[in-house]
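Peer 1: Quick one: this structure, given as structure tokens, is what I'll be asking you about.
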Amino acid sequence: MVQNPNYERIWQVVGLIPAGFVVTYGQVAELAGLPGKSRLVGRCLSQLPRDTRLPWHRVINASGRISLPADSPGFHRQVSRLQEEGVAVINGRIRLSQFRWSG
């Protein structure tokens, strides 16, 4: 498998997000020096191994919602991990004004 050279930059940014905070895909892209590449961030995170230690669950979409389908195991895993860190998740939505990390 050929690895995208930008993935390392994305992983580094995601690894910096502190517990109890979230960022958007676009924000990760900006912080990684890849403005406008939010879909690349999503693709990168979707390819992580299931047992990864990278805090992928702290990345959400620009409207403050979890992007995974609400009935999927990944959605429930993300909600659970965020709630364990003290992030309030209501109907799949996180209040960005309260929980967004500014980086």
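Here's how to read the names in the structure tokens: chain A, B, ... by the order shown, residue numbers from 1 in each chain, ligand numbers from 1 in the order shown.
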What's the 10 Å shell around Ala32 in chain A, counting only C-alpha atoms, without same-chain residues fewer than 3 positions away, as a ChimeraX atom specification?
Peer 2: /A:6-14,26-29,35,37,41
Peer 1: Step one, run DSSP on the backbone; step two, keep only residues of chain A assigned to helix (DSSP H, G or I); then write them as a PyMOL selection string.
Peer 2: chain A and resi 7-16+25-31+38-46+56-58+73-84+96-99
Peer 1: Mind dumping the selected residues with N, CA and C atoms as a short mmCIF file (atom, residue, chain, number, x, y, z; two decimals), in the first residue's frame?
Peer 2:
```
data_model
loop_
_atom_site.label_atom_id
_atom_site.label_comp_id
_atom_site.auth_asym_id
_atom_site.auth_seq_id
_atom_site.Cartn_x
_atom_site.Cartn_y
_atom_site.Cartn_z
N TYR A 7 -0.38 12.11 5.28
CA TYR A 7 -0.99 11.43 6.41
C TYR A 7 -0.19 11.65 7.70
N GLU A 8 1.11 11.63 7.62
CA GLU A 8 1.95 11.84 8.80
C GLU A 8 1.65 13.20 9.43
N ARG A 9 1.47 14.21 8.62
CA ARG A 9 1.15 15.55 9.13
C ARG A 9 -0.20 15.55 9.83
N ILE A 10 -1.15 14.86 9.24
CA ILE A 10 -2.49 14.77 9.83
C ILE A 10 -2.42 14.03 11.15
N TRP A 11 -1.71 12.90 11.18
CA TRP A 11 -1.58 12.12 12.42
C TRP A 11 -0.94 12.95 13.53
N GLN A 12 0.05 13.74 13.18
CA GLN A 12 0.73 14.57 14.19
C GLN A 12 -0.24 15.57 14.81
N VAL A 13 -1.06 16.21 13.99
CA VAL A 13 -2.03 17.18 14.50
C VAL A 13 -3.07 16.47 15.38
N VAL A 14 -3.62 15.37 14.90
CA VAL A 14 -4.64 14.66 15.67
C VAL A 14 -4.07 14.20 17.01
N GLY A 15 -2.83 13.80 17.02
CA GLY A 15 -2.18 13.37 18.25
C GLY A 15 -2.03 14.47 19.29
N LEU A 16 -2.12 15.71 18.87
CA LEU A 16 -1.98 16.85 19.78
C LEU A 16 -3.28 17.28 20.44
N TYR A 25 -12.63 18.54 10.87
CA TYR A 25 -11.75 18.01 9.82
C TYR A 25 -10.99 19.15 9.15
N GLY A 26 -11.69 20.24 8.89
CA GLY A 26 -11.06 21.39 8.26
C GLY A 26 -9.99 22.01 9.12
N GLN A 27 -10.23 22.04 10.41
CA GLN A 27 -9.26 22.58 11.35
C GLN A 27 -8.00 21.73 11.37
N VAL A 28 -8.15 20.41 11.35
CA VAL A 28 -6.99 19.52 11.28
C VAL A 28 -6.21 19.80 10.01
N ALA A 29 -6.92 19.93 8.90
CA ALA A 29 -6.26 20.21 7.63
C ALA A 29 -5.46 21.51 7.71
N GLU A 30 -6.05 22.55 8.24
CA GLU A 30 -5.36 23.85 8.39
C GLU A 30 -4.12 23.70 9.24
N LEU A 31 -4.26 23.07 10.41
CA LEU A 31 -3.14 22.92 11.33
C LEU A 31 -2.02 22.05 10.75
N SER A 38 -10.06 18.98 4.00
CA SER A 38 -10.78 18.29 5.07
C SER A 38 -11.17 16.86 4.68
N ARG A 39 -11.48 16.66 3.41
CA ARG A 39 -11.84 15.30 2.97
C ARG A 39 -10.65 14.35 3.05
N LEU A 40 -9.46 14.89 2.81
CA LEU A 40 -8.24 14.09 2.95
C LEU A 40 -8.08 13.65 4.41
N VAL A 41 -8.39 14.56 5.33
CA VAL A 41 -8.32 14.22 6.76
C VAL A 41 -9.30 13.08 7.05
N GLY A 42 -10.51 13.19 6.56
CA GLY A 42 -11.50 12.13 6.77
C GLY A 42 -11.05 10.80 6.19
N ARG A 43 -10.50 10.84 5.00
CA ARG A 43 -10.02 9.61 4.36
C ARG A 43 -8.88 8.99 5.18
N CYS A 44 -7.96 9.83 5.61
CA CYS A 44 -6.83 9.38 6.42
C CYS A 44 -7.31 8.69 7.70
N LEU A 45 -8.22 9.34 8.41
CA LEU A 45 -8.70 8.78 9.67
C LEU A 45 -9.53 7.51 9.46
N SER A 46 -10.21 7.43 8.34
CA SER A 46 -11.03 6.23 8.08
C SER A 46 -10.16 5.00 7.83
N TRP A 56 -8.66 9.73 17.15
CA TRP A 56 -9.50 10.05 15.99
C TRP A 56 -10.88 10.52 16.40
N HIS A 57 -11.34 10.04 17.56
CA HIS A 57 -12.70 10.34 18.01
C HIS A 57 -12.89 11.81 18.34
N ARG A 58 -11.82 12.57 18.43
CA ARG A 58 -11.90 14.00 18.75
C ARG A 58 -12.08 14.87 17.51
N PRO A 73 -21.44 1.07 14.63
CA PRO A 73 -20.61 0.84 15.82
C PRO A 73 -19.58 1.95 16.02
N GLY A 74 -19.04 2.49 14.93
CA GLY A 74 -18.06 3.57 15.03
C GLY A 74 -18.65 4.82 15.67
N PHE A 75 -19.90 5.14 15.32
CA PHE A 75 -20.59 6.28 15.91
C PHE A 75 -20.69 6.10 17.42
N HIS A 76 -21.15 4.92 17.84
CA HIS A 76 -21.33 4.66 19.27
C HIS A 76 -19.99 4.65 20.00
N ARG A 77 -18.95 4.16 19.36
CA ARG A 77 -17.60 4.16 19.93
C ARG A 77 -17.11 5.61 20.10
N GLN A 78 -17.36 6.44 19.10
CA GLN A 78 -16.92 7.83 19.17
C GLN A 78 -17.68 8.58 20.27
N VAL A 79 -18.97 8.42 20.33
CA VAL A 79 -19.77 9.07 21.38
C VAL A 79 -19.27 8.63 22.76
N SER A 80 -19.08 7.35 22.93
CA SER A 80 -18.64 6.81 24.22
C SER A 80 -17.29 7.39 24.63
N ARG A 81 -16.35 7.42 23.71
CA ARG A 81 -15.01 7.94 24.03
C ARG A 81 -15.06 9.43 24.37
N LEU A 82 -15.84 10.18 23.62
CA LEU A 82 -15.96 11.61 23.91
C LEU A 82 -16.60 11.84 25.28
N GLN A 83 -17.66 11.10 25.57
CA GLN A 83 -18.33 11.26 26.85
C GLN A 83 -17.42 10.87 28.01
N GLU A 84 -16.59 9.85 27.82
CA GLU A 84 -15.63 9.45 28.85
C GLU A 84 -14.65 10.59 29.16
N LEU A 96 -19.45 23.28 19.61
CA LEU A 96 -18.10 23.73 19.29
C LEU A 96 -17.68 24.93 20.12
N SER A 97 -18.61 25.80 20.45
CA SER A 97 -18.27 26.98 21.25
C SER A 97 -17.75 26.60 22.63
N GLN A 98 -18.07 25.42 23.09
CA GLN A 98 -17.65 24.96 24.42
C GLN A 98 -16.47 24.00 24.36
N PHE A 99 -16.42 23.12 23.35
CA PHE A 99 -15.45 22.03 23.34
C PHE A 99 -14.40 22.09 22.24
#
```
Peer 1: Using only C-alpha atoms, which residue out of A:Thr24, A:Asn4, A:Arg100, A:Ala19 lies closest to Ala62 in chain A?
Peer 2: A:Thr24
Peer 1: Could you jot down the CA of Arg50 in chain A to CA of Arg95 in chain A separation for me, Å, one decimal place?
Peer 2: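 For CA of Arg50 in chain A relative to CA of Arg95 in chain A, the distance reads 26.4 Å.
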